[in-house]
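Contents: one structure, followed by commentary.
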Amino acid sequence: MKSSESSTPKVMLVGAGPGDPDLLTLKAIKAIRSATVLMVDDLVGDGVMRFARKSARVVYVGKRGGCASTPQAFIEKLMAAEALKGERVVRLKGGDPFVFGRGGEEAQHLREQGIEVEVVNGITSGLAAATSIGVPLTHRNHAHGVMFVTGHAKAGEESLHWPTLAAAAAQGITLVIYMGISTIESLQDGLLQGLAASTPAGVIQHASLPKQRHVQTTLADLAGMVRRENIGSPAIIVIGDVLRATNCMNQAPELGMIQGIAA
Ligand code: SAH
């Protein structure tokens with residue numbers, strides 16, 4: 001949605017990217033700079049916050065699986081109240097606001113109250129995590145597509161049917177799993193019903209930040225590796241043959257051709 005010149009109350013839902021401030025969009029930086037009230041998720045990197053005005057009111061509304069978190073209803077109420085007071089409200093969310101993380105619900109709730117919502121994309125952590133270890137998610141020698149899925153079901157709902165997903169992945173679809181660490185044993189068991197035990201699997205924790213760590217193994221060893229190496233949340237799991245294409249320098253013939261044309 002485009003911003004308007006009118007005084008309609010407005011909230012911007014802004015993607016803060018995976019953590020590295022260099023991965024913010026210019027539009028996100030402009031929004032953060034203009035905010036008088038910032039409501040910030042716990043996955044938003046500290047480096048991102050240096051763009052905020054000193055005078056801005058910053059409210060941390062962190063939510064982490066298993067930990068006490070600010071209730072969603074409270075966050076939505078506070079955003080609406082501040083916008084209605086005429087504050088320039090920016091809701092900063094990790095990655096992209098519309099890839100998991102409940103940005104869709106928040107936008108809906110605000111619009112129902114007559115509040116204008118502008119959404120600014122961010123680089124989602126699934127993309128950043130794969131790229132940070134050199135994995136081209138849809139390398140055409142290895143994959144026909146990519147699926148972004150969550151390993152964490154909404155309370156009271158069934159999680160994904162992993163064997164069905166495995167059947168799709170076996171057709172050459174890369175799987176990128178968000179929020180999958182706490183359920184890694186069961187998702188591994190389900191995926192093994194449709195994918196070879198030797199399918200490459202990788203896990204990237206804290207993608208794009210100096211504390212980033214990653215492991216690479218096979219689907220059969222995925223949960224074991226994660227527990228042995230003590231990889232925790234936030235992490236992205238990537239499963240598929242594209243992990244065999246991590247070293248971009250292996251593409252020497254193509255690179256040579258491009259250089260040849262340029263010369
Ligand atoms: N909107 C976010 C996703 C929110 S759900 C996005 O687009 O990235 C929260 C999950 O995102 C985490 O459990 C983890 O799976 C993933 N995540 C977010 N930031 C991450 C990071 N820097 N490194 C690895 N995973 C990350």
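Naming works like this for the structure tokens: A, B, ... for the chains as they're shown, residue 1 at the start of each chain, ligands 1 onward in shown order.
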
Enumerate residues in contact with ligand 1: an atom-to-atom distance of at most 8 Å, counting only C-alpha atoms and all ligand atoms. Format the result as a PDB file with N, CA and C atoms, in the first residue's frame.
```pdb
ATOM      1  N   GLY A  15      10.176  -5.064   7.500  1.00  0.00           N
ATOM      2  CA  GLY A  15      11.079  -6.214   7.592  1.00  0.00           C
ATOM      3  C   GLY A  15      12.477  -5.738   7.945  1.00  0.00           C
ATOM      4  N   GLY A  17      15.049  -7.773   8.121  1.00  0.00           N
ATOM      5  CA  GLY A  17      16.056  -8.691   7.592  1.00  0.00           C
ATOM      6  C   GLY A  17      16.535  -9.668   8.652  1.00  0.00           C
ATOM      7  N   PRO A  18      17.546 -10.471   8.306  1.00  0.00           N
ATOM      8  CA  PRO A  18      17.970 -11.557   9.200  1.00  0.00           C
ATOM      9  C   PRO A  18      18.827 -11.109  10.381  1.00  0.00           C
ATOM     10  N   GLY A  19      19.269  -9.878  10.417  1.00  0.00           N
ATOM     11  CA  GLY A  19      20.062  -9.418  11.565  1.00  0.00           C
ATOM     12  C   GLY A  19      21.163  -8.457  11.176  1.00  0.00           C
ATOM     13  N   LEU A  43      13.957 -10.929  17.267  1.00  0.00           N
ATOM     14  CA  LEU A  43      14.891 -11.382  16.230  1.00  0.00           C
ATOM     15  C   LEU A  43      15.465 -10.214  15.422  1.00  0.00           C
ATOM     16  N   VAL A  44      15.109  -9.007  15.812  1.00  0.00           N
ATOM     17  CA  VAL A  44      15.656  -7.841  15.113  1.00  0.00           C
ATOM     18  C   VAL A  44      17.057  -7.566  15.670  1.00  0.00           C
ATOM     19  N   ARG A  64       9.621 -15.697  21.814  1.00  0.00           N
ATOM     20  CA  ARG A  64      10.505 -16.817  21.501  1.00  0.00           C
ATOM     21  C   ARG A  64       9.782 -18.094  21.894  1.00  0.00           C
ATOM     22  N   GLY A  65       9.765 -19.085  21.012  1.00  0.00           N
ATOM     23  CA  GLY A  65       9.083 -20.340  21.315  1.00  0.00           C
ATOM     24  C   GLY A  65       9.456 -20.828  22.714  1.00  0.00           C
ATOM     25  N   LYS A  93       9.921  -6.208  12.307  1.00  0.00           N
ATOM     26  CA  LYS A  93       9.860  -7.661  12.443  1.00  0.00           C
ATOM     27  C   LYS A  93      11.073  -8.301  11.780  1.00  0.00           C
ATOM     28  N   GLY A  94      11.582  -9.378  12.365  1.00  0.00           N
ATOM     29  CA  GLY A  94      12.746 -10.057  11.785  1.00  0.00           C
ATOM     30  C   GLY A  94      12.423 -10.575  10.384  1.00  0.00           C
ATOM     31  N   GLY A  95      13.415 -10.561   9.505  1.00  0.00           N
ATOM     32  CA  GLY A  95      13.230 -11.096   8.157  1.00  0.00           C
ATOM     33  C   GLY A  95      12.249 -10.284   7.359  1.00  0.00           C
ATOM     34  N   ASP A  96      11.253 -10.954   6.774  1.00  0.00           N
ATOM     35  CA  ASP A  96      10.168 -10.296   6.045  1.00  0.00           C
ATOM     36  C   ASP A  96       8.905 -10.335   6.905  1.00  0.00           C
ATOM     37  N   PRO A  97       8.145  -9.246   6.943  1.00  0.00           N
ATOM     38  CA  PRO A  97       6.967  -9.233   7.831  1.00  0.00           C
ATOM     39  C   PRO A  97       5.891 -10.244   7.446  1.00  0.00           C
ATOM     40  N   PHE A  98       5.870 -10.630   6.173  1.00  0.00           N
ATOM     41  CA  PHE A  98       4.814 -11.539   5.715  1.00  0.00           C
ATOM     42  C   PHE A  98       5.290 -12.973   5.518  1.00  0.00           C
ATOM     43  N   VAL A  99       6.477 -13.294   6.006  1.00  0.00           N
ATOM     44  CA  VAL A  99       6.915 -14.696   5.981  1.00  0.00           C
ATOM     45  C   VAL A  99       6.942 -15.182   7.429  1.00  0.00           C
ATOM     46  N   PHE A 100       5.950 -15.965   7.797  1.00  0.00           N
ATOM     47  CA  PHE A 100       5.717 -16.390   9.181  1.00  0.00           C
ATOM     48  C   PHE A 100       5.706 -15.145  10.092  1.00  0.00           C
ATOM     49  N   GLY A 101       5.873 -15.336  11.391  1.00  0.00           N
ATOM     50  CA  GLY A 101       5.972 -14.164  12.265  1.00  0.00           C
ATOM     51  C   GLY A 101       4.716 -13.308  12.363  1.00  0.00           C
ATOM     52  N   ARG A 102       3.585 -13.741  11.888  1.00  0.00           N
ATOM     53  CA  ARG A 102       2.271 -13.149  12.176  1.00  0.00           C
ATOM     54  C   ARG A 102       2.022 -11.735  11.648  1.00  0.00           C
ATOM     55  N   GLY A 103       2.798 -11.316  10.655  1.00  0.00           N
ATOM     56  CA  GLY A 103       2.581  -9.992  10.066  1.00  0.00           C
ATOM     57  C   GLY A 103       1.202  -9.878   9.429  1.00  0.00           C
ATOM     58  N   GLY A 122      11.399  -7.345   3.809  1.00  0.00           N
ATOM     59  CA  GLY A 122      12.760  -7.525   4.310  1.00  0.00           C
ATOM     60  C   GLY A 122      13.304  -8.815   3.724  1.00  0.00           C
ATOM     61  N   ILE A 123      14.600  -9.014   3.844  1.00  0.00           N
ATOM     62  CA  ILE A 123      15.172 -10.283   3.360  1.00  0.00           C
ATOM     63  C   ILE A 123      14.835 -11.358   4.386  1.00  0.00           C
ATOM     64  N   THR A 124      14.091 -12.342   3.946  1.00  0.00           N
ATOM     65  CA  THR A 124      13.678 -13.383   4.883  1.00  0.00           C
ATOM     66  C   THR A 124      14.876 -14.264   5.259  1.00  0.00           C
ATOM     67  N   SER A 125      14.856 -14.766   6.498  1.00  0.00           N
ATOM     68  CA  SER A 125      16.028 -15.497   6.995  1.00  0.00           C
ATOM     69  C   SER A 125      16.288 -16.783   6.207  1.00  0.00           C
ATOM     70  N   GLY A 126      15.251 -17.367   5.629  1.00  0.00           N
ATOM     71  CA  GLY A 126      15.461 -18.589   4.838  1.00  0.00           C
ATOM     72  C   GLY A 126      16.359 -18.330   3.641  1.00  0.00           C
ATOM     73  N   ALA A 128      18.472 -15.637   3.381  1.00  0.00           N
ATOM     74  CA  ALA A 128      19.782 -15.168   3.858  1.00  0.00           C
ATOM     75  C   ALA A 128      20.620 -16.328   4.384  1.00  0.00           C
ATOM     76  N   ALA A 129      19.964 -17.262   5.080  1.00  0.00           N
ATOM     77  CA  ALA A 129      20.704 -18.387   5.672  1.00  0.00           C
ATOM     78  C   ALA A 129      21.339 -19.238   4.580  1.00  0.00           C
ATOM     79  N   THR A 150       7.033 -24.115   7.946  1.00  0.00           N
ATOM     80  CA  THR A 150       7.334 -23.981   9.378  1.00  0.00           C
ATOM     81  C   THR A 150       7.299 -25.352  10.054  1.00  0.00           C
ATOM     82  N   ILE A 177      13.129 -24.901   6.149  1.00  0.00           N
ATOM     83  CA  ILE A 177      12.248 -25.055   7.313  1.00  0.00           C
ATOM     84  C   ILE A 177      12.598 -24.017   8.378  1.00  0.00           C
ATOM     85  N   TYR A 178      11.616 -23.208   8.717  1.00  0.00           N
ATOM     86  CA  TYR A 178      11.737 -22.228   9.798  1.00  0.00           C
ATOM     87  C   TYR A 178      11.228 -22.880  11.081  1.00  0.00           C
ATOM     88  N   MET A 179      11.732 -22.428  12.222  1.00  0.00           N
ATOM     89  CA  MET A 179      11.221 -22.863  13.532  1.00  0.00           C
ATOM     90  C   MET A 179      11.174 -24.380  13.645  1.00  0.00           C
ATOM     91  N   GLY A 180      12.205 -25.052  13.170  1.00  0.00           N
ATOM     92  CA  GLY A 180      12.160 -26.521  13.136  1.00  0.00           C
ATOM     93  C   GLY A 180      13.019 -27.208  14.179  1.00  0.00           C
ATOM     94  N   ILE A 181      13.734 -26.448  15.002  1.00  0.00           N
ATOM     95  CA  ILE A 181      14.688 -27.111  15.899  1.00  0.00           C
ATOM     96  C   ILE A 181      13.991 -27.944  16.983  1.00  0.00           C
ATOM     97  N   ILE A 204      21.505 -23.634   9.737  1.00  0.00           N
ATOM     98  CA  ILE A 204      22.234 -22.381   9.921  1.00  0.00           C
ATOM     99  C   ILE A 204      21.593 -21.628  11.077  1.00  0.00           C
ATOM    100  N   GLN A 205      22.389 -21.358  12.086  1.00  0.00           N
ATOM    101  CA  GLN A 205      21.888 -20.619  13.258  1.00  0.00           C
ATOM    102  C   GLN A 205      22.404 -19.185  13.191  1.00  0.00           C
ATOM    103  N   HIS A 206      21.579 -18.233  13.615  1.00  0.00           N
ATOM    104  CA  HIS A 206      21.970 -16.810  13.640  1.00  0.00           C
ATOM    105  C   HIS A 206      22.524 -16.349  12.293  1.00  0.00           C
ATOM    106  N   ALA A 207      21.840 -16.700  11.221  1.00  0.00           N
ATOM    107  CA  ALA A 207      22.325 -16.331   9.892  1.00  0.00           C
ATOM    108  C   ALA A 207      22.576 -14.844   9.780  1.00  0.00           C
ATOM    109  N   SER A 208      23.667 -14.498   9.130  1.00  0.00           N
ATOM    110  CA  SER A 208      24.082 -13.122   8.803  1.00  0.00           C
ATOM    111  C   SER A 208      24.715 -12.367   9.967  1.00  0.00           C
ATOM    112  N   LEU A 209      24.721 -12.954  11.147  1.00  0.00           N
ATOM    113  CA  LEU A 209      25.311 -12.269  12.305  1.00  0.00           C
ATOM    114  C   LEU A 209      26.709 -12.835  12.588  1.00  0.00           C
ATOM    115  N   GLN A 212      27.024 -16.390  13.713  1.00  0.00           N
ATOM    116  CA  GLN A 212      26.455 -17.451  12.852  1.00  0.00           C
ATOM    117  C   GLN A 212      27.256 -18.751  12.973  1.00  0.00           C
ATOM    118  N   SER A 233      17.778 -22.385  18.483  1.00  0.00           N
ATOM    119  CA  SER A 233      16.988 -21.406  17.748  1.00  0.00           C
ATOM    120  C   SER A 233      17.618 -20.011  17.918  1.00  0.00           C
ATOM    121  N   PRO A 234      17.550 -19.098  16.985  1.00  0.00           N
ATOM    122  CA  PRO A 234      16.855 -19.209  15.699  1.00  0.00           C
ATOM    123  C   PRO A 234      17.740 -19.888  14.646  1.00  0.00           C
ATOM    124  N   ALA A 235      17.137 -20.820  13.943  1.00  0.00           N
ATOM    125  CA  ALA A 235      17.898 -21.531  12.920  1.00  0.00           C
ATOM    126  C   ALA A 235      16.998 -21.898  11.750  1.00  0.00           C
ATOM    127  N   ILE A 236      17.635 -22.025  10.604  1.00  0.00           N
ATOM    128  CA  ILE A 236      16.966 -22.448   9.375  1.00  0.00           C
ATOM    129  C   ILE A 236      17.532 -23.809   8.979  1.00  0.00           C
ATOM    130  N   ILE A 237      16.634 -24.719   8.609  1.00  0.00           N
ATOM    131  CA  ILE A 237      17.065 -26.040   8.122  1.00  0.00           C
ATOM    132  C   ILE A 237      16.857 -26.056   6.605  1.00  0.00           C
TER     133      ILE A 237
END
```

Set the distance at 9 Å and use only C-alpha atoms: which residues neighbour Ala196 (chain A) once local chain neighbours fewer than 4 positions away are removed? I'd like the list as a CSV table (one decimal) with N, CA, C and O atoms, in the first residue's frame.
```csv
chain,number,residue,atom,x,y,z
A,170,ALA,N,11.2,-34.9,-3.1
A,170,ALA,CA,11.9,-35.9,-3.9
A,170,ALA,C,11.7,-35.6,-5.4
A,170,ALA,O,12.5,-36.1,-6.2
A,191,LEU,N,10.2,-37.1,7.2
A,191,LEU,CA,10.8,-36.8,5.9
A,191,LEU,C,11.5,-38.1,5.3
A,191,LEU,O,11.6,-38.3,4.1
A,192,LEU,N,12.1,-38.9,6.3
A,192,LEU,CA,12.8,-40.1,5.8
A,192,LEU,C,11.8,-41.1,5.2
A,192,LEU,O,12.2,-42.1,4.5
A,219,LEU,N,20.2,-36.3,5.8
A,219,LEU,CA,18.9,-36.3,6.5
A,219,LEU,C,18.9,-37.3,7.7
A,219,LEU,O,18.4,-37.0,8.7
A,220,ALA,N,19.5,-38.5,7.5
A,220,ALA,CA,19.5,-39.5,8.5
A,220,ALA,C,20.2,-39.0,9.8
A,220,ALA,O,19.9,-39.5,10.9
```

* To do: Please provide the set of residues having any atom within 12 Å of Ala197 (chain A), restricted to only C-alpha atoms, with same-chain residues fewer than 3 positions apart removed, written as a list in words.
  => Ala166, Ala170, Gln188, Asp189, Gly190, Leu191, Leu192, Gln193, Gly194, Pro200, Ala201, Thr217, Thr218, Leu219, Ala220, Asp221, Leu222, Ile239 and Gly240 of chain A

Suppose we keep C-alpha atoms; can you now write the selection as a short mmCIF file (atom, residue, chain, number, x, y, z; two decimals), in the first residue's frame?
```cif
data_model
loop_
_atom_site.label_atom_id
_atom_site.label_comp_id
_atom_site.auth_asym_id
_atom_site.auth_seq_id
_atom_site.Cartn_x
_atom_site.Cartn_y
_atom_site.Cartn_z
CA ALA A 166 9.06 -35.43 1.44
CA ALA A 170 11.85 -35.87 -3.87
CA GLN A 188 13.33 -35.96 10.29
CA ASP A 189 11.41 -39.23 10.87
CA GLY A 190 8.56 -38.03 8.64
CA LEU A 191 10.83 -36.82 5.85
CA LEU A 192 12.76 -40.12 5.85
CA GLN A 193 9.53 -41.80 4.70
CA GLY A 194 9.85 -40.07 1.33
CA PRO A 200 21.95 -33.48 2.14
CA ALA A 201 20.73 -31.38 5.08
CA THR A 217 25.13 -33.54 7.14
CA THR A 218 22.61 -36.05 5.77
CA LEU A 219 18.91 -36.30 6.51
CA ALA A 220 19.54 -39.51 8.49
CA ASP A 221 21.94 -37.65 10.81
CA LEU A 222 20.14 -34.29 10.95
CA ILE A 239 17.16 -29.99 2.86
CA GLY A 240 17.90 -30.97 -0.70
#
```

* Tell me, as JSON, numbers by chain, which residues lie within 10 Å of Thr138 (chain A), counting only C-alpha atoms; anything in the same chain fewer than 4 positions away does not count. => {"A": [142, 143, 144, 145, 146, 172, 173, 174, 240, 241, 242]}

* **Which of region 42-261 of chain A fall in alpha helix (DSSP H), as JSON, numbers by chain** => {"A": [72, 73, 74, 75, 76, 77, 78, 79, 80, 81, 82, 83, 84, 103, 104, 105, 106, 107, 108, 109, 110, 111, 112, 125, 126, 127, 128, 129, 130, 131, 132, 162, 163, 164, 165, 166, 167, 168, 169, 184, 185, 186, 187, 188, 189, 190, 191, 222, 223, 224, 225, 226, 227, 228, 252, 253, 254, 255, 256, 257, 258, 259, 260, 261]}

Dump as a short mmCIF file (atom, residue, chain, number, x, y, z; two decimals), in the first residue's frame, selection limited to C-alpha atoms:
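File again25.cif, as written:
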```cif
data_model
loop_
_atom_site.label_atom_id
_atom_site.label_comp_id
_atom_site.auth_asym_id
_atom_site.auth_seq_id
_atom_site.Cartn_x
_atom_site.Cartn_y
_atom_site.Cartn_z
CA GLN A 72 -0.26 -10.83 20.50
CA ALA A 73 -3.47 -9.02 21.49
CA PHE A 74 -1.47 -6.55 23.59
CA ILE A 75 0.93 -5.83 20.72
CA GLU A 76 -1.95 -5.20 18.33
CA LYS A 77 -3.78 -2.99 20.84
CA LEU A 78 -0.69 -0.90 21.58
CA MET A 79 0.12 -0.40 17.89
CA ALA A 80 -3.42 0.75 17.20
CA ALA A 81 -3.53 3.06 20.23
CA GLU A 82 -0.25 4.77 19.32
CA ALA A 83 -1.26 5.17 15.67
CA LEU A 84 -4.61 6.67 16.70
CA GLY A 103 2.58 -9.99 10.07
CA GLY A 104 -0.57 -10.95 8.17
CA GLU A 105 -2.64 -11.14 11.34
CA GLU A 106 -1.34 -7.81 12.56
CA ALA A 107 -2.11 -6.06 9.25
CA GLN A 108 -5.63 -7.49 9.25
CA HIS A 109 -6.32 -6.42 12.80
CA LEU A 110 -5.08 -2.87 12.16
CA ARG A 111 -7.06 -2.47 8.93
CA GLU A 112 -10.22 -3.63 10.71
CA SER A 125 16.03 -15.50 7.00
CA GLY A 126 15.46 -18.59 4.84
CA LEU A 127 17.02 -16.83 1.87
CA ALA A 128 19.78 -15.17 3.86
CA ALA A 129 20.70 -18.39 5.67
CA ALA A 130 21.10 -20.39 2.47
CA THR A 131 23.08 -17.66 0.75
CA SER A 132 25.33 -17.19 3.77
CA TRP A 162 6.17 -34.55 6.59
CA PRO A 163 5.96 -37.74 4.48
CA THR A 164 3.77 -35.88 1.95
CA LEU A 165 6.18 -32.98 1.91
CA ALA A 166 9.06 -35.43 1.44
CA ALA A 167 7.33 -36.82 -1.65
CA ALA A 168 7.21 -33.31 -3.12
CA ALA A 169 10.81 -32.63 -2.14
CA ILE A 184 13.61 -31.80 14.47
CA GLU A 185 13.39 -35.48 15.49
CA SER A 186 9.80 -35.88 14.31
CA LEU A 187 10.25 -33.91 11.11
CA GLN A 188 13.33 -35.96 10.29
CA ASP A 189 11.41 -39.23 10.87
CA GLY A 190 8.56 -38.03 8.64
CA LEU A 191 10.83 -36.82 5.85
CA LEU A 222 20.14 -34.29 10.95
CA ALA A 223 18.68 -34.35 14.47
CA GLY A 224 21.75 -36.13 15.87
CA MET A 225 24.09 -33.52 14.41
CA VAL A 226 21.99 -30.61 15.69
CA ARG A 227 21.88 -32.02 19.22
CA ARG A 228 25.59 -32.99 19.23
CA ALA A 252 34.27 -22.68 -13.54
CA PRO A 253 33.19 -23.36 -17.15
CA GLU A 254 30.23 -20.97 -16.93
CA LEU A 255 32.33 -18.36 -15.17
CA GLY A 256 35.00 -18.66 -17.83
CA MET A 257 32.40 -18.11 -20.52
CA ILE A 258 31.03 -14.98 -18.85
CA GLN A 259 34.52 -13.56 -18.42
CA GLY A 260 35.23 -14.38 -22.05
CA ILE A 261 32.20 -12.40 -23.21
#
```

* Minimum-distance residue to Val119 (chain A), chosen among A:Ser159, A:Ala31, A:Gly47, A:Leu24 (using only C-alpha atoms) ->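 Using only C-alpha atoms, Val119 (chain A) sits closest to A:Ala31.
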
* Would you please extract all strand (DSSP E or B) residues from region 35-256 of chain A, as assigned by DSSP on the backbone, and give them as an NGL selection string? => :A and (37-40 or 57-60 or 89-93 or 95 or 116-120 or 145-150 or 173-178 or 200-205 or 213-218 or 235-239)

* Which residue, A:Leu137, A:Ala245, A:Leu92, A:Ala153, has the smallest gap to Ile32 (chain A) when you use only C-alpha atoms? ->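 Closest residue, counting only C-alpha atoms: A:Leu92.
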
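If you look at CA of His139 (chain A) and CA of Ile231 (chain A), they are 26.4 Å away from each other.
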
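The spacing separating CA of Val120 (chain A) from CA of Thr70 (chain A) amounts to 22.8 Å.
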